[in-house]
>>> print(open('input.pdb').read())   # PDB, C-alpha atoms
ATOM      1  CA  MET A  20       0.000   0.000   0.000
ATOM      2  CA  SER A  21       1.697   3.173  -1.121
ATOM      3  CA  ASN A  22       1.725   6.251   1.005
ATOM      4  CA  ASN A  23       0.549   9.114  -1.132
ATOM      5  CA  LYS A  24       0.776  11.694   1.606
ATOM      6  CA  LYS A  25       3.053  14.477   0.486
ATOM      7  CA  HIS A  26       5.402  16.095   2.946
ATOM      8  CA  THR A  27       5.272  19.827   3.470
ATOM      9  CA  LEU A  28       7.826  22.339   4.616
ATOM     10  CA  ASP A  29       7.487  24.407   7.750
ATOM     11  CA  PRO A  30      10.603  26.595   8.031
ATOM     12  CA  ASN A  31       9.417  28.217  11.247
ATOM     13  CA  LYS A  32       9.965  24.952  13.029
ATOM     14  CA  TRP A  33      13.264  24.024  11.419
ATOM     15  CA  ILE A  34      15.608  25.328  14.087
ATOM     16  CA  GLU A  35      13.597  23.797  16.869
ATOM     17  CA  LEU A  36      13.241  20.448  15.124
ATOM     18  CA  TYR A  37      16.405  19.988  13.115
ATOM     19  CA  ALA A  38      19.210  22.352  14.166
ATOM     20  CA  ASP A  39      20.788  19.876  16.592
ATOM     21  CA  TYR A  40      20.360  16.956  14.239
ATOM     22  CA  LEU A  41      21.980  18.808  11.347
ATOM     23  CA  PHE A  42      24.705  20.119  13.617
ATOM     24  CA  ASN A  43      25.514  16.612  14.811
ATOM     25  CA  TYR A  44      25.609  15.397  11.257
ATOM     26  CA  ALA A  45      27.951  18.183  10.169
ATOM     27  CA  VAL A  46      30.282  18.170  13.133
ATOM     28  CA  THR A  47      31.233  14.527  12.600
ATOM     29  CA  ARG A  48      32.017  15.171   8.990
ATOM     30  CA  VAL A  49      33.919  18.428   8.925
ATOM     31  CA  ASP A  50      36.655  19.928  11.028
ATOM     32  CA  GLY A  51      35.409  22.111  13.846
ATOM     33  CA  SER A  52      32.079  23.109  15.304
ATOM     34  CA  ASP A  53      32.209  26.680  13.968
ATOM     35  CA  LEU A  54      32.397  25.342  10.466
ATOM     36  CA  ALA A  55      29.621  22.884  11.247
ATOM     37  CA  LYS A  56      27.456  25.730  12.556
ATOM     38  CA  ASP A  57      28.052  27.757   9.387
ATOM     39  CA  LEU A  58      27.101  24.813   7.222
ATOM     40  CA  VAL A  59      23.898  24.291   9.187
ATOM     41  CA  GLN A  60      23.043  27.958   8.784
ATOM     42  CA  GLU A  61      23.718  27.845   5.065
ATOM     43  CA  THR A  62      21.612  24.730   4.790
ATOM     44  CA  PHE A  63      18.652  26.524   6.320
ATOM     45  CA  PHE A  64      19.229  29.507   4.019
ATOM     46  CA  SER A  65      19.307  27.276   0.966
ATOM     47  CA  GLY A  66      16.275  25.435   2.187
ATOM     48  CA  ILE A  67      14.294  28.637   2.409
ATOM     49  CA  LYS A  68      15.544  29.904  -0.928
ATOM     50  CA  GLY A  69      14.807  26.589  -2.583
ATOM     51  CA  LYS A  70      11.420  25.952  -1.009
ATOM     52  CA  GLU A  71       9.770  25.731  -4.407
ATOM     53  CA  ASN A  72      12.037  22.846  -5.370
ATOM     54  CA  PHE A  73      10.748  20.621  -2.610
ATOM     55  CA  ARG A  74       8.624  17.932  -4.179
ATOM     56  CA  GLY A  75       7.307  16.458  -0.967
ATOM     57  CA  GLN A  76       8.455  12.912  -1.564
ATOM     58  CA  ALA A  77      11.173  12.903   1.025
ATOM     59  CA  SER A  78      10.655  14.038   4.580
ATOM     60  CA  GLU A  79      11.653  17.557   5.572
ATOM     61  CA  ARG A  80      14.640  16.274   7.514
ATOM     62  CA  THR A  81      15.847  14.035   4.694
ATOM     63  CA  TRP A  82      15.573  16.946   2.314
ATOM     64  CA  LEU A  83      17.531  19.265   4.596
ATOM     65  CA  ILE A  84      20.187  16.596   5.098
ATOM     66  CA  SER A  85      20.621  16.243   1.355
ATOM     67  CA  ILE A  86      21.226  19.999   1.143
ATOM     68  CA  LEU A  87      23.717  19.743   3.980
ATOM     69  CA  LYS A  88      25.486  16.858   2.250
ATOM     70  CA  ARG A  89      25.976  18.997  -0.839
ATOM     71  CA  LYS A  90      27.323  21.830   1.301
ATOM     72  CA  ILE A  91      29.755  19.445   2.971
ATOM     73  CA  ILE A  92      31.195  18.062  -0.221
ATOM     74  CA  ASP A  93      31.314  21.556  -1.614
ATOM     75  CA  HIS A  94      33.411  22.521   1.369
ATOM     76  CA  TYR A  95      35.812  19.711   0.532
ATOM     77  CA  ARG A  96      35.922  20.888  -3.051
ATOM     78  CA  LYS A  97      37.018  24.333  -1.837
ATOM     79  CA  ILE A  98      39.728  23.142   0.500
ATOM     80  CA  ASN A  99      40.955  20.706  -2.098
ATOM     81  CA  SER A 100      41.400  23.364  -4.758
ATOM     82  CA  ALA A 101      42.973  25.673  -2.205
ATOM     83  CA  LYS A 102      45.596  23.033  -1.540
ATOM     84  CA  GLY A 103      46.425  22.679  -5.184
ATOM     85  CA  LYS A 104      46.498  19.586  -7.323
ATOM     86  CA  LYS A 105      49.733  18.116  -6.009
ATOM     87  CA  GLU A 106      49.425  14.372  -6.228
ATOM     88  CA  VAL A 107      50.939  12.407  -3.390
ATOM     89  CA  ARG A 108      52.879   9.466  -4.702
ATOM     90  CA  VAL A 109      53.067   6.536  -2.394
ATOM     91  CA  SER A 110      54.187   3.216  -3.724
ATOM     92  CA  PHE A 111      52.460  -0.027  -3.047
ATOM     93  CA  TYR A 112      55.982  -1.260  -2.554
ATOM     94  CA  PRO A 113      58.523   1.083  -0.848
ATOM     95  CA  ASP A 114      61.555   0.378  -3.000
ATOM     96  CA  GLY A 115      59.769   0.556  -6.319
ATOM     97  CA  ASP A 116      60.673  -2.817  -7.804
ATOM     98  CA  ARG A 117      58.930  -6.207  -7.901
ATOM     99  CA  LYS A 118      55.917  -4.545  -9.461
ATOM    100  CA  GLY A 119      52.606  -5.599  -8.131
ATOM    101  CA  SER A 120      53.686  -8.262  -5.654
ATOM    102  CA  TRP A 121      53.731  -8.318  -1.903
ATOM    103  CA  ILE A 122      56.982  -7.461  -0.220
ATOM    104  CA  GLU A 123      57.762 -10.059   2.414
ATOM    105  CA  GLU A 124      57.837  -7.576   5.297
ATOM    106  CA  CYS A 125      54.458  -6.171   4.308
ATOM    107  CA  VAL A 126      52.421  -9.343   3.816
ATOM    108  CA  PRO A 127      49.244  -9.586   5.859
ATOM    109  CA  GLN A 128      49.748 -11.327   9.168
ATOM    110  CA  THR A 129      47.202 -13.530  10.834
ATOM    111  CA  TRP A 130      44.672 -11.520  12.734
ATOM    112  CA  GLU A 131      43.995 -13.389  15.966
ATOM    113  CA  ASN A 132      40.554 -13.388  17.496
ATOM    114  CA  GLU A 133      39.142 -11.546  14.537
ATOM    115  CA  ALA A 134      35.577 -11.840  15.652
ATOM    116  CA  GLU A 135      36.064 -10.760  19.244
ATOM    117  CA  LYS A 136      38.262  -7.884  18.293
ATOM    118  CA  THR A 137      35.782  -6.276  15.979
ATOM    119  CA  ILE A 138      33.648  -4.607  18.580
ATOM    120  CA  GLU A 139      32.388  -1.113  18.826
ATOM    121  CA  ASN A 140      34.321   0.553  21.538
ATOM    122  CA  GLU A 141      36.311   3.661  22.292
ATOM    123  CA  GLU A 142      39.652   1.921  21.924
ATOM    124  CA  LEU A 143      38.951   0.711  18.448
ATOM    125  CA  LYS A 144      37.737   4.131  17.428
ATOM    126  CA  ASP A 145      40.933   5.655  18.822
ATOM    127  CA  THR A 146      43.002   3.238  16.764
ATOM    128  CA  LEU A 147      41.012   4.009  13.642
ATOM    129  CA  ASP A 148      41.334   7.741  14.307
ATOM    130  CA  LYS A 149      45.069   7.419  14.654
ATOM    131  CA  CYS A 150      45.430   5.356  11.486
ATOM    132  CA  ILE A 151      43.302   7.790   9.527
ATOM    133  CA  GLU A 152      45.344  10.703  10.820
ATOM    134  CA  ASN A 153      48.478   9.031   9.462
ATOM    135  CA  LEU A 154      47.127   9.025   5.937
ATOM    136  CA  PRO A 155      48.334  11.676   3.523
ATOM    137  CA  GLU A 156      45.731  14.429   3.448
ATOM    138  CA  LYS A 157      44.292  13.718   0.044
ATOM    139  CA  TYR A 158      43.982  10.006   0.732
ATOM    140  CA  ARG A 159      42.275  10.749   4.012
ATOM    141  CA  MET A 160      39.799  13.083   2.365
ATOM    142  CA  VAL A 161      38.854  10.679  -0.419
ATOM    143  CA  PHE A 162      38.727   7.688   1.903
ATOM    144  CA  LEU A 163      36.450   9.403   4.418
ATOM    145  CA  LEU A 164      34.135  10.820   1.790
ATOM    146  CA  LYS A 165      33.754   7.450   0.099
ATOM    147  CA  THR A 166      33.854   5.018   2.984
ATOM    148  CA  VAL A 167      32.495   6.881   5.955
ATOM    149  CA  GLN A 168      30.310   9.561   4.447
ATOM    150  CA  ASN A 169      29.156   7.307   1.604
ATOM    151  CA  TYR A 170      29.250   9.793  -1.243
ATOM    152  CA  GLU A 171      28.945   8.377  -4.732
ATOM    153  CA  THR A 172      32.134   7.937  -6.732
ATOM    154  CA  GLU A 173      30.865  10.453  -9.283
ATOM    155  CA  GLU A 174      30.089  13.102  -6.657
ATOM    156  CA  ILE A 175      33.570  12.841  -5.182
ATOM    157  CA  CYS A 176      35.252  12.915  -8.582
ATOM    158  CA  ASN A 177      33.335  16.031  -9.592
ATOM    159  CA  ALA A 178      34.049  17.795  -6.314
ATOM    160  CA  LEU A 179      37.752  16.970  -6.146
ATOM    161  CA  ASP A 180      38.365  17.056  -9.876
ATOM    162  CA  ILE A 181      39.782  13.547 -10.146
ATOM    163  CA  SER A 182      38.933  10.668 -12.443
ATOM    164  CA  ALA A 183      37.248   7.502 -11.244
ATOM    165  CA  SER A 184      40.409   5.484 -11.758
ATOM    166  CA  ASN A 185      42.327   8.122  -9.777
ATOM    167  CA  LEU A 186      39.822   7.662  -7.001
ATOM    168  CA  TRP A 187      40.267   3.907  -6.899
ATOM    169  CA  VAL A 188      44.040   4.174  -6.849
ATOM    170  CA  ILE A 189      43.762   6.572  -3.908
ATOM    171  CA  ILE A 190      41.237   4.368  -2.106
ATOM    172  CA  HIS A 191      43.472   1.371  -2.689
ATOM    173  CA  ARG A 192      46.561   3.066  -1.331
ATOM    174  CA  ALA A 193      44.624   4.374   1.647
ATOM    175  CA  ARG A 194      43.258   0.946   2.477
ATOM    176  CA  VAL A 195      46.629  -0.748   2.109
ATOM    177  CA  GLN A 196      48.109   1.725   4.540
ATOM    178  CA  LEU A 197      45.153   1.479   6.921
ATOM    179  CA  ARG A 198      45.288  -2.300   6.890
ATOM    180  CA  LYS A 199      48.905  -2.247   7.962
ATOM    181  CA  CYS A 200      48.301   0.387  10.628
ATOM    182  CA  ILE A 201      45.330  -1.471  12.056
ATOM    183  CA  GLU A 202      47.295  -4.694  12.047
ATOM    184  CA  GLU A 203      50.143  -3.091  13.966
ATOM    185  CA  ASN A 204      48.040  -1.189  16.443
ATOM    186  CA  TRP A 205      45.039  -3.381  17.014
ATOM    187  CA  PHE A 206      45.694  -6.988  16.244
ATOM    188  CA  LYS A 207      49.236  -7.277  17.429
ATOM    189  CA  ASN A 208      48.371  -6.293  20.992
TER     190      ASN A 208
ATOM    191  CA  MET B  14      46.848 -13.612 -14.320
ATOM    192  CA  ILE B  15      46.523 -10.330 -12.540
ATOM    193  CA  SER B  16      49.127  -9.034 -10.111
ATOM    194  CA  CYS B  17      48.607  -8.768  -6.371
ATOM    195  CA  ASP B  18      48.364  -5.005  -6.730
ATOM    196  CA  GLU B  19      45.548  -5.345  -9.246
ATOM    197  CA  ALA B  20      43.843  -8.062  -7.220
ATOM    198  CA  THR B  21      43.848  -6.073  -4.003
ATOM    199  CA  THR B  22      42.583  -3.007  -5.855
ATOM    200  CA  ILE B  23      39.632  -5.006  -7.205
ATOM    201  CA  CYS B  24      39.130  -6.355  -3.713
ATOM    202  CA  ASP B  25      38.876  -2.780  -2.457
ATOM    203  CA  LYS B  26      36.419  -1.817  -5.180
ATOM    204  CA  ASN B  27      34.365  -4.826  -4.205
ATOM    205  CA  GLN B  28      34.022  -3.521  -0.665
ATOM    206  CA  TYR B  29      32.006  -0.676  -2.122
ATOM    207  CA  GLY B  30      30.021  -2.917  -4.434
ATOM    208  CA  GLU B  31      31.644  -1.381  -7.469
ATOM    209  CA  ALA B  32      33.687  -4.249  -8.892
ATOM    210  CA  SER B  33      32.432  -5.565 -12.222
ATOM    211  CA  THR B  34      31.588  -9.225 -12.768
ATOM    212  CA  TRP B  35      34.713  -9.591 -14.859
ATOM    213  CA  ASP B  36      36.784  -7.940 -12.105
ATOM    214  CA  LYS B  37      35.364 -10.318  -9.526
ATOM    215  CA  PHE B  38      36.061 -13.315 -11.717
ATOM    216  CA  ARG B  39      39.702 -12.346 -12.107
ATOM    217  CA  LEU B  40      39.959 -11.587  -8.404
ATOM    218  CA  ASN B  41      38.539 -14.925  -7.323
ATOM    219  CA  LEU B  42      40.906 -16.749  -9.640
ATOM    220  CA  HIS B  43      43.824 -14.900  -8.096
ATOM    221  CA  LEU B  44      42.599 -15.584  -4.559
ATOM    222  CA  LEU B  45      42.592 -19.307  -5.237
ATOM    223  CA  LEU B  46      46.285 -19.160  -5.881
ATOM    224  CA  CYS B  47      47.585 -16.417  -3.618
ATOM    225  CA  LYS B  48      47.480 -16.818   0.129
ATOM    226  CA  HIS B  49      48.602 -13.248   0.869
ATOM    227  CA  CYS B  50      45.811 -11.732  -1.131
ATOM    228  CA  LYS B  51      43.419 -14.192   0.436
ATOM    229  CA  SER B  52      44.409 -12.805   3.839
ATOM    230  CA  TYR B  53      44.086  -9.281   2.526
ATOM    231  CA  SER B  54      40.595 -10.045   1.289
ATOM    232  CA  LYS B  55      39.456 -11.439   4.641
ATOM    233  CA  GLN B  56      40.957  -8.524   6.477
ATOM    234  CA  ASN B  57      39.460  -6.069   4.023
ATOM    235  CA  HIS B  58      35.992  -7.238   5.013
ATOM    236  CA  ILE B  59      36.827  -6.688   8.657
ATOM    237  CA  ILE B  60      38.095  -3.202   7.929
ATOM    238  CA  THR B  61      34.916  -2.398   6.046
ATOM    239  CA  LYS B  62      32.904  -3.524   9.052
ATOM    240  CA  MET B  63      35.014  -1.409  11.381
ATOM    241  CA  PHE B  64      34.392   1.703   9.348
ATOM    242  CA  GLY B  65      30.770   0.833   8.875
ATOM    243  CA  ASN B  66      30.153   1.829  12.451
ATOM    244  CA  TYR B  67      32.707   4.599  12.569
ATOM    245  CA  LEU B  68      30.420   7.606  12.533
ATOM    246  CA  ASN B  69      27.966   5.964  14.891
ATOM    247  CA  THR B  70      30.607   5.744  17.562
ATOM    248  CA  CYS B  71      31.220   9.439  17.307
ATOM    249  CA  ASP B  72      29.595  11.516  19.993
ATOM    250  CA  GLY B  73      25.991  11.890  18.878
ATOM    251  CA  SER B  74      25.111  14.170  21.689
ATOM    252  CA  LYS B  75      26.484  17.438  20.418
ATOM    253  CA  HIS B  76      23.963  20.174  20.265
ATOM    254  CA  LEU B  77      23.733  23.911  19.806
ATOM    255  CA  THR B  78      23.213  26.125  22.811
ATOM    256  CA  LEU B  79      20.104  28.202  23.188
ATOM    257  CA  ASP B  80      22.098  31.324  22.328
ATOM    258  CA  GLU B  81      23.469  29.696  19.216
ATOM    259  CA  LYS B  82      19.966  28.774  18.141
ATOM    260  CA  LYS B  83      18.721  32.288  18.795
ATOM    261  CA  GLU B  84      21.525  33.632  16.661
ATOM    262  CA  LEU B  85      20.667  31.154  13.937
ATOM    263  CA  GLU B  86      17.070  32.292  14.057
ATOM    264  CA  LYS B  87      18.047  35.919  13.906
ATOM    265  CA  ASN B  88      20.288  35.360  10.895
ATOM    266  CA  LEU B  89      17.624  33.316   9.190
ATOM    267  CA  ASN B  90      14.988  35.980   9.680
ATOM    268  CA  GLU B  91      17.309  38.665   8.370
ATOM    269  CA  LYS B  92      17.915  36.577   5.303
ATOM    270  CA  ILE B  93      14.250  36.010   4.616
ATOM    271  CA  ASN B  94      13.449  39.693   4.905
TER     272      ASN B  94
END
>>> encode(input="input.pdb", output="structure tokens")
Amino acid sequence: MSNNKKHTLDPNKWIELYADYLFNYAVTRVDGSDLAKDLVQETFFSGIKGKENFRGQASERTWLISILKRKIIDHYRKINSAKGKKEVRVSFYPDGDRKGSWIEECVPQTWENEAEKTIENEELKDTLDKCIENLPEKYRMVFLLKTVQNYETEEICNALDISASNLWVIIHRARVQLRKCIEENWFKN
Amino acid sequence: MISCDEATTICDKNQYGEASTWDKFRLNLHLLLCKHCKSYSKQNHIITKMFGNYLNTCDGSKHLTLDEKKELEKNLNEKIN
């Protein structure tokens, strides 16, 4: 049974209903609460300006979140172009030879107690934070946008002005590095 | 036969559901023969799971103060008018 009820917008209630929710969403995805606040404000502005574009199929909150998501990736587009297009070259293999194969020192080790170790807790999050911090900036940005914030490949490529194959090379290098870092900091303890 | 670099890259793509059928075929062939990449593949799934919950473990209790909301409201009203 389909729900034909169309959603409506009520901007007067937005701050009361959604400001905290949007703020929470933003603050986990960008650096700093001032920036998050600005993005929330701009989202509300855009929402009011674009009221006519609301088709009523999504809920108010979903619609506002989609505006916020665009603002967030737009923010990344700006900081990315500010940093310039310098490509960080990190080899899959440190010394550059033996193309494509594992180097003995870097092969995956056995991860003991895999099931028990994969639990949601503060310690794991700290390890993940640390490993992400160790990534080169561009890798970190692309990895987070794709893996954690779940943007589409196309959205990220358009925002950061990279090709899809670029993106996958970056994701690959990020994950290789993260795997090693997680292995050293989480599973070897 | 694809290299380990290519195989692990396909493996990564697969974590996001974006590996083609042909990619997956070549990957699986490689995994049959390469124990290192087989480990990588297993561990890759675990990593994906770890990051699946990543944002949820962030503090979900942040909120704006009353003053901040008042300021937001003021700015919003100025913008509308």
>>> closest_residue(input="input.pdb", among="A:Leu143, A:Ala38, A:Cys125, A:Ile92", to="B:Glu84", atoms="all atoms listed in the file")
A:Ala38
>>> resolve_selection(input="input.pdb", expression="the ChimeraX specification (/A :<6) & /B", output="VMD selection string")
chain B and resid 16 to 18 22 75 to 77
>>> closest_residue(input="input.pdb", among="A:Tyr37, A:Gln196, A:Gly66, A:Ser78", to="B:Ile93", atoms="only C-alpha atoms")
A:Gly66
>>> atom_distance(input="input.pdb", atom1="atom CA of A:Trp82", atom2="atom CA of B:Phe64")
25.2 Å
>>> atom_distance(input="input.pdb", atom1="atom CA of A:Tyr95", atom2="atom CA of A:Ala45")
12.5 Å
>>> resolve_selection(input="input.pdb", expression="the PyMOL selection byres ((chain A and resi 73) around 12)", output="PDB file with C-alpha atoms, in the frame of the given file")
ATOM      1  CA  LYS A  25       3.053  14.477   0.486  1.00  0.00           C
ATOM      2  CA  HIS A  26       5.402  16.095   2.946  1.00  0.00           C
ATOM      3  CA  THR A  27       5.272  19.827   3.470  1.00  0.00           C
ATOM      4  CA  LEU A  28       7.826  22.339   4.616  1.00  0.00           C
ATOM      5  CA  ASP A  29       7.487  24.407   7.750  1.00  0.00           C
ATOM      6  CA  SER A  65      19.307  27.276   0.966  1.00  0.00           C
ATOM      7  CA  GLY A  66      16.275  25.435   2.187  1.00  0.00           C
ATOM      8  CA  ILE A  67      14.294  28.637   2.409  1.00  0.00           C
ATOM      9  CA  LYS A  68      15.544  29.904  -0.928  1.00  0.00           C
ATOM     10  CA  GLY A  69      14.807  26.589  -2.583  1.00  0.00           C
ATOM     11  CA  LYS A  70      11.420  25.952  -1.009  1.00  0.00           C
ATOM     12  CA  GLU A  71       9.770  25.731  -4.407  1.00  0.00           C
ATOM     13  CA  ASN A  72      12.037  22.846  -5.370  1.00  0.00           C
ATOM     14  CA  ARG A  74       8.624  17.932  -4.179  1.00  0.00           C
ATOM     15  CA  GLY A  75       7.307  16.458  -0.967  1.00  0.00           C
ATOM     16  CA  GLN A  76       8.455  12.912  -1.564  1.00  0.00           C
ATOM     17  CA  ALA A  77      11.173  12.903   1.025  1.00  0.00           C
ATOM     18  CA  SER A  78      10.655  14.038   4.580  1.00  0.00           C
ATOM     19  CA  GLU A  79      11.653  17.557   5.572  1.00  0.00           C
ATOM     20  CA  ARG A  80      14.640  16.274   7.514  1.00  0.00           C
ATOM     21  CA  THR A  81      15.847  14.035   4.694  1.00  0.00           C
ATOM     22  CA  TRP A  82      15.573  16.946   2.314  1.00  0.00           C
ATOM     23  CA  LEU A  83      17.531  19.265   4.596  1.00  0.00           C
ATOM     24  CA  SER A  85      20.621  16.243   1.355  1.00  0.00           C
ATOM     25  CA  ILE A  86      21.226  19.999   1.143  1.00  0.00           C
TER      26      ILE A  86
END
>>> atom_distance(input="input.pdb", atom1="atom CA of B:Asn66", atom2="atom CA of A:Cys176")
24.3 Å
